[in-house]
Every structure is written in structure tokens, then in C-alpha cells.
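Trainee: Dumping the structure here so I can ask a few things about it.
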Amino acid sequence: MSVLQAGRCEMTLISAEDASVRFGATYAVRDVSMSINDSEIVTIVGPNGSGKSTLLRLLVGALPPTSGRVVRRPGLKIGYVPQRLSLDTTLPITVERFLCLPHRQPKSKQDYVLGMVGLSDQRHAQVSKLSGGQLQRALLARAVLTEPEVLILDEPTQGLDQHGISDFYALISGVHSDLGCAVLMVSHDLHVVMRASDHVICMNGHICCQGAPTDVSDSPEYLALFGDRDARSLALYSHHHDHAHHHATHTHD
Amino acid sequence: MEAFLIRAALGGAGVALAAAPLGCFVVWRRMAYFGDATAHAALLGIALSLALSMPILPGVLLAAFAMAVSVTALTNRGYAQDTALGVLSHGALATGLVAISLQGGMRVDLSAYLIGDILAIDWTNVMLIWAGALLVIGGIYWRWSALLTVTLQPDMATASGLKPEREQMVLTIGLAIVVAVAIKVVGALLISALLLMPASAARAFARTPEAMAILAAAIGVASALGGLEVSLLLDTPTGPTIVCTATAIFAVSVLLRPWLAISD
């Protein structure tokens, strides 16, 4: 048992143990225990205001836990894709220059990631002039440039249309298999999440349930949180697209 | 050229050089009122220095720094930042004016602190200005990429191993130093202008943050020297004339901007 645990620990990139964040008297996140391991895809879902983004900031280290603890593997390289930039038109910056923040990167690497996200022709464009989808891809390119061990994304597809959303997830899945990095993201796109994640964490201030996608989507806490409509469309989706695996679970209940 | 003019030109250029790159961050981070508040606090620092018969520089530095810390503290307590800044900024300005007048009224030339008196600076002042300017420019150069990253997205910076609060502190200290050395040149009321105007004017011509900072420095120095020249010609107060020159350059940049595709 102890040997097994030691083995697990080495694979763990970030873990939270009973971590809480309190602003004044209210808890934004309460008693959260979770971990993200090497090359795993973990997704955090939950309604608005359920503490998803707070949990993400806690794991990144942007917020200290009020109680409990968060442990990141020493020297862990994180690639972070924020929801948006606090960039307004007063700050001129080209895509190329943006990629080199905070540290200059060789041009060959820049070329590679720009090609990967399909922004090769936007290298000299102003970041403030990019469309929503282009900006998301530029943020992703910067995050993967340093070859992170874990890629962290905060609601990366917000504001994208249906087409843009599936394109972006295809991109993330490409990055995942290319770099072999772990992926941790907050997402609203339940269908995609349930199909592509290894581990799903369902938040509502605390963790309501977590586990493999099929386990979570069957849990009463999850159904209570997302209601019948979303749950049903999910079931339909898995029916159509992921036949063998999900079908079994489906007939089960 | 007379010595007092050389000193004025060197002093003005030194302040403009330090204020411009710092001013870029003031513009990018929307800290305009923060600059104002820090400058107003300087008056309180002057009153303090006069009361204790101390040199003015450390008093001003201390007051400017205390202001920056207080604003941050009030904001963290849930006051809207513009409210916190408005209260503290004008509170410091008014208290400073009252406190200076209590020092013996007519003995103190108030307008020298409000709009500056660049023609009266001595060589020690010039040296202090350049020492402060080099310190600020060096600090910003050293932290440049980190400051940019934090400005664009603090959490993204944290994920890259940076500490946003520490970078913010670099700007706060830089601002206190610029205010302290600029008060003799343009006075407490107009320091913000030297931060904002060259940076805003430079925006029209820049495609990268680096270009904007360098251009801002050039525009700042041109404003300082041009303003000095015009003030001698027209026999007007030099500090406000420098700011008028900067305003004119800004106005030209606004008019030119639609014709300059490069900035977009």
C-alpha cells in the first residue's frame, strides 16, 4: 500500500487537500480535495458562481488557501490560458511579442506553435485586433511554447460559436497528444467534457462529485445541478457518438 | 548658454526620461489617478519635511510611498478604487496645503511646489533627478518582461512563476521616486501630465510596447526642452509650459492617428 502511494505521488502534478478559500465570511471554495496526474485530462464543471475559477486560481497559485493546502510538484511548468487579457488598445503588442512573455523564445519554436494553432499569418498582427477565436488560439500558443507539464485553461471556449468550440477542443486534444502534458480546464461544454476527459470534477462551492465521466454523469448530484435537459442531451450525444462504451452504462440505469 | 538654463534643461530631460516608460505602465494599467494621488501626497511630505526641518526629498518619498500603500489597503477593504483614490488624493492635497501654510505662511512659496520652479534648481537637484531617473529606468528595464506579463494577465504571470504583487511594488516605488524628483520641475499638480501625455502620444506611432516606451521618452524630452524654450520666449511659468507642449504633441498624435496604419 505504501509503495503504491509513493508511486502515485510522483505522478501527481498538483493536489489540493481540504483546501478552502474564504472571502470575508463566505466560502468561494470549501474543503476541496483533488489531484491532477501526469498526462491526465481533468475538467471542472459547475454552474456560474460555483467556485470553478476560484479553484483554478487556487491550483495555479494565484490565490492562497484560507485553510487546507495545495501542493504543486517542485519546478512544475504550468501553461496557463486565461479567459481573457486585460488588454486594451492603449497597449500595442504583436502576436510575436506576446508569445515571448515573460521569456524570449527561439523563432523556430514560435513558428511551430503558430503553425499548430493556425496563426502563422497573424505573427505580426496586433493582439487587440484578433477575433475571439484567434485570441484564444494565441493564448494557447503562448501557453504551450514553454512545453508545460500541465496546461490549465479557464473556460477557453467562452464566446466562441459552436464551430469554434469544436475546433478549439480538437486543438487541445492535439496539444495533449503532441506534448503528452496533463490538461486541467474549467468548461461549460458538457458534451465535449464528458467525451474527452479522464476525470470530471463537479463543483458547487464544494466538490459535489468527481470521478470518471460516466460515473459523474450518472450521479444524482450531477443531474440535480445540470437538470434534465442537459443531462438528456448528454445521453443522446453519447448514444450517437460513443456507442459501445457509453451505451452499456446507459442501459444500466 | 547660461548655467541655470543648462541645469533646467538637464533636470527637465531627466524627469521626462524616467516618467515616460513608467507612464506607459500608468496608461496600460489605468493607474492615472494613482499617479495623481501619489503626486498630491508629495505636498504632505513637503509639509512634514518643513516641520521637521529635514531635506524635502526623503519626506516626499515617504509620503508618496505611504499613499500608494494606503490606496492598495483601502481597495483591498472593498472600497471602489476610484473612490479610495479620490478621497486620499484630495485629502492629501488639502491637508498638505493647510499643513504647509501652518509652517509660517508667507515664508513658503507654495506655487513652487504646486507648479514647480525648474529655473531655480541647483546642481545638487540635477544630480538627484538623474540619480532617481537612472534608478527608475534601470528598475523598469530589469523587470520589463515581468511587468508586461503581469499587466496583461496577473494569473498568467503567476503560472509562469512571477509574483504580481512584487511587480506592482516595482511600479509603486518607481512612481514615488519620479514624484519626488519631479516636484521641483513641474510641481505636484502637473506630474501626472508628464506620466500620461508622452505615453499616450507615443501610442499612435507604436506597434510594440518597447517602441511605445522609447517614443514616449523621446516625446517627453522634446516636451521638456520645447516647453523650456517657449517659456523663455513668452515669459510664462516653465512647468505649465512644458505640460502645454506635451498637450500639443498629444493633440497632433490624435489628429495623425487615423492616417497611421502602423499602430493598428
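Identifiers in this document derive from the order of the C-alpha cells: chains are assigned A, B, ..., residues are numbered from 1 separately in each chain, and ligands are numbered from 1 in order of occurrence.
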Restrict the distance test to only C-alpha atoms, flag each residue of chain A within 9 Å of chain B, and return the flagged residues as a PyMOL selection string.

Mentor: chain A and resi 57+60-62+77-82+84-94+97-98+100-103+125-126+128-129+143

Trainee: Residues at most 8 Å from region 153-155 of chain A, counting only C-alpha atoms, excluding those fewer than 3 positions away in the same chain, as a short mmCIF file (atom, residue, chain, number, x, y, z; two decimals) with C-alpha atoms, in the first residue's frame?

Mentor:
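Wrote around03.cif, looks like this:
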data_model
loop_
_atom_site.label_atom_id
_atom_site.label_comp_id
_atom_site.auth_asym_id
_atom_site.auth_seq_id
_atom_site.Cartn_x
_atom_site.Cartn_y
_atom_site.Cartn_z
CA SER A 53 -12.48 29.75 -11.48
CA LEU A 56 -8.39 27.07 -10.79
CA TYR A 80 -1.93 28.91 -18.37
CA VAL A 81 -4.63 30.02 -20.80
CA PRO A 82 -6.66 32.80 -19.17
CA GLN A 83 -10.25 33.60 -20.07
CA GLN A 158 -16.43 31.25 -23.86
CA VAL A 183 -4.76 19.25 -19.12
CA LEU A 184 -6.86 20.92 -16.45
CA MET A 185 -9.76 23.07 -17.57
CA VAL A 186 -12.93 24.74 -16.50
CA SER A 187 -15.64 24.19 -19.06
CA HIS A 188 -19.29 24.74 -19.83
#

Trainee: Would you mind reading off the distance between CA of His199 (chain A) and CA of Val117 (chain A), one decimal, in Å?

Mentor: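 Between CA of His199 (chain A) and CA of Val117 (chain A) the gap is 25.2 Å.
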
Trainee: Can you work out which one of B:Ala94, B:Leu119, B:Ala51, B:Leu196 has the shortest atom-to-atom distance to Ser231 (chain B), counting only C-alpha atoms?

Mentor: B:Leu119

Trainee: Of the residues B:Val126, B:Leu43, B:Leu190, B:Gln168, which is the one nearest to Ser101 (chain B), using only C-alpha atoms?

Mentor: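 So, comparing all the options, the nearest one is B:Leu43.
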
Trainee: Out of B:Ala251, B:Gly174, B:Ser53, B:Ala68, which residue has the shortest atom-to-atom distance to Gln81 (chain B) when counting only C-alpha atoms?

Mentor: B:Ala68

Trainee: Please determine, counting only C-alpha atoms, which residue among B:Val26, B:Ser253, B:Ser192, B:Trp123 has the shortest atom-to-atom distance to Leu5 (chain B).

Mentor: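 So, comparing all the options, the nearest one is B:Trp123.
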
Trainee: Using only C-alpha atoms, which residues sit within 6 Å of Ala19 (chain A) once same-chain residues fewer than 4 positions away are excluded, as a list in words?

Mentor: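 Neighbouring residues, sequence-local ones excluded: Asp31, Val32, Pro65, Ser67, Gly68 and Arg69 of chain A.
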
Trainee: I'd like to know which residues of region 8-181 of chain A are alpha helix (DSSP H) (by DSSP, run on the backbone); could you write them as number ranges by chain?

Mentor: A: 8-11, 52-60, 95-99, 107-117, 132-145, 162-179

Trainee: How would the residues just picked look written out with C-alpha atoms as a short mmCIF file (atom, residue, chain, number, x, y, z; two decimals), in the first residue's frame?

Mentor:
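Final file, again36.cif:
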data_model
loop_
_atom_site.label_atom_id
_atom_site.label_comp_id
_atom_site.auth_asym_id
_atom_site.auth_seq_id
_atom_site.Cartn_x
_atom_site.Cartn_y
_atom_site.Cartn_z
CA ARG A 8 1.16 7.73 -7.18
CA CYS A 9 2.71 10.77 -5.52
CA GLU A 10 5.45 11.01 -8.10
CA MET A 11 2.88 11.22 -10.84
CA LYS A 52 -14.76 26.85 -10.62
CA SER A 53 -12.48 29.75 -11.48
CA THR A 54 -11.54 30.24 -7.83
CA LEU A 55 -10.48 26.59 -7.67
CA LEU A 56 -8.39 27.07 -10.79
CA ARG A 57 -6.69 30.15 -9.34
CA LEU A 58 -6.06 28.23 -6.14
CA LEU A 59 -4.38 25.39 -8.06
CA VAL A 60 -2.27 27.79 -10.15
CA VAL A 95 1.32 38.24 -31.55
CA GLU A 96 5.03 37.53 -31.95
CA ARG A 97 5.98 39.74 -28.99
CA PHE A 98 3.16 38.30 -26.89
CA LEU A 99 4.49 34.76 -27.37
CA LYS A 107 11.88 31.68 -33.56
CA SER A 108 11.71 28.03 -34.64
CA LYS A 109 9.55 27.25 -31.61
CA GLN A 110 7.36 30.28 -32.28
CA ASP A 111 6.87 29.11 -35.85
CA TYR A 112 5.96 25.65 -34.67
CA VAL A 113 3.28 26.69 -32.18
CA LEU A 114 1.85 29.34 -34.50
CA GLY A 115 1.52 26.69 -37.20
CA MET A 116 -0.06 24.30 -34.76
CA VAL A 117 -2.80 26.75 -33.77
CA GLY A 132 -12.23 35.95 -30.18
CA GLY A 133 -11.24 32.60 -31.65
CA GLN A 134 -7.85 33.85 -32.82
CA LEU A 135 -7.12 35.35 -29.40
CA GLN A 136 -7.91 32.04 -27.70
CA ARG A 137 -5.52 30.28 -30.08
CA ALA A 138 -2.81 32.90 -29.48
CA LEU A 139 -3.20 32.40 -25.72
CA LEU A 140 -2.94 28.65 -26.23
CA ALA A 141 0.16 29.06 -28.41
CA ARG A 142 1.89 31.12 -25.70
CA ALA A 143 0.95 28.59 -23.04
CA VAL A 144 2.37 25.58 -24.91
CA LEU A 145 5.51 27.36 -26.09
CA GLN A 162 -20.38 26.02 -31.99
CA HIS A 163 -17.92 25.54 -34.82
CA GLY A 164 -15.18 27.44 -33.00
CA ILE A 165 -15.78 25.41 -29.86
CA SER A 166 -15.28 22.03 -31.51
CA ASP A 167 -12.24 23.35 -33.40
CA PHE A 168 -10.71 24.57 -30.18
CA TYR A 169 -11.22 21.27 -28.38
CA ALA A 170 -9.72 19.42 -31.33
CA LEU A 171 -6.72 21.69 -30.94
CA ILE A 172 -6.41 21.00 -27.22
CA SER A 173 -6.64 17.30 -27.83
CA GLY A 174 -3.89 17.66 -30.45
CA VAL A 175 -1.69 19.53 -27.96
CA HIS A 176 -2.42 16.86 -25.36
CA SER A 177 -1.23 14.02 -27.55
CA ASP A 178 1.62 16.09 -29.02
CA LEU A 179 3.16 17.26 -25.75
#

Trainee: Excluding Ala64 (chain B) and any residue of its chain fewer than 2 positions from it, enumerate the residues within 6 Å of it, using only C-alpha atoms, and give them as number ranges by chain.

Mentor: B: 38, 41-42, 60-62, 66-67, 176

Trainee: For Ala13 (chain B), work out the shell of residues within 9 Å, counting only C-alpha atoms and skipping chain neighbours fewer than 2 positions away, then give it as an NGL selection string.

Mentor: :B and (8-11 or 15-18 or 220-225)

Trainee: Just to confirm, what's the straight-line distance from CA of Ala99 (chain B) to CA of Thr83 (chain B) in Å (one decimal)?

Mentor: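 Taking CA of Ala99 (chain B) and CA of Thr83 (chain B), their separation equals 23.5 Å.
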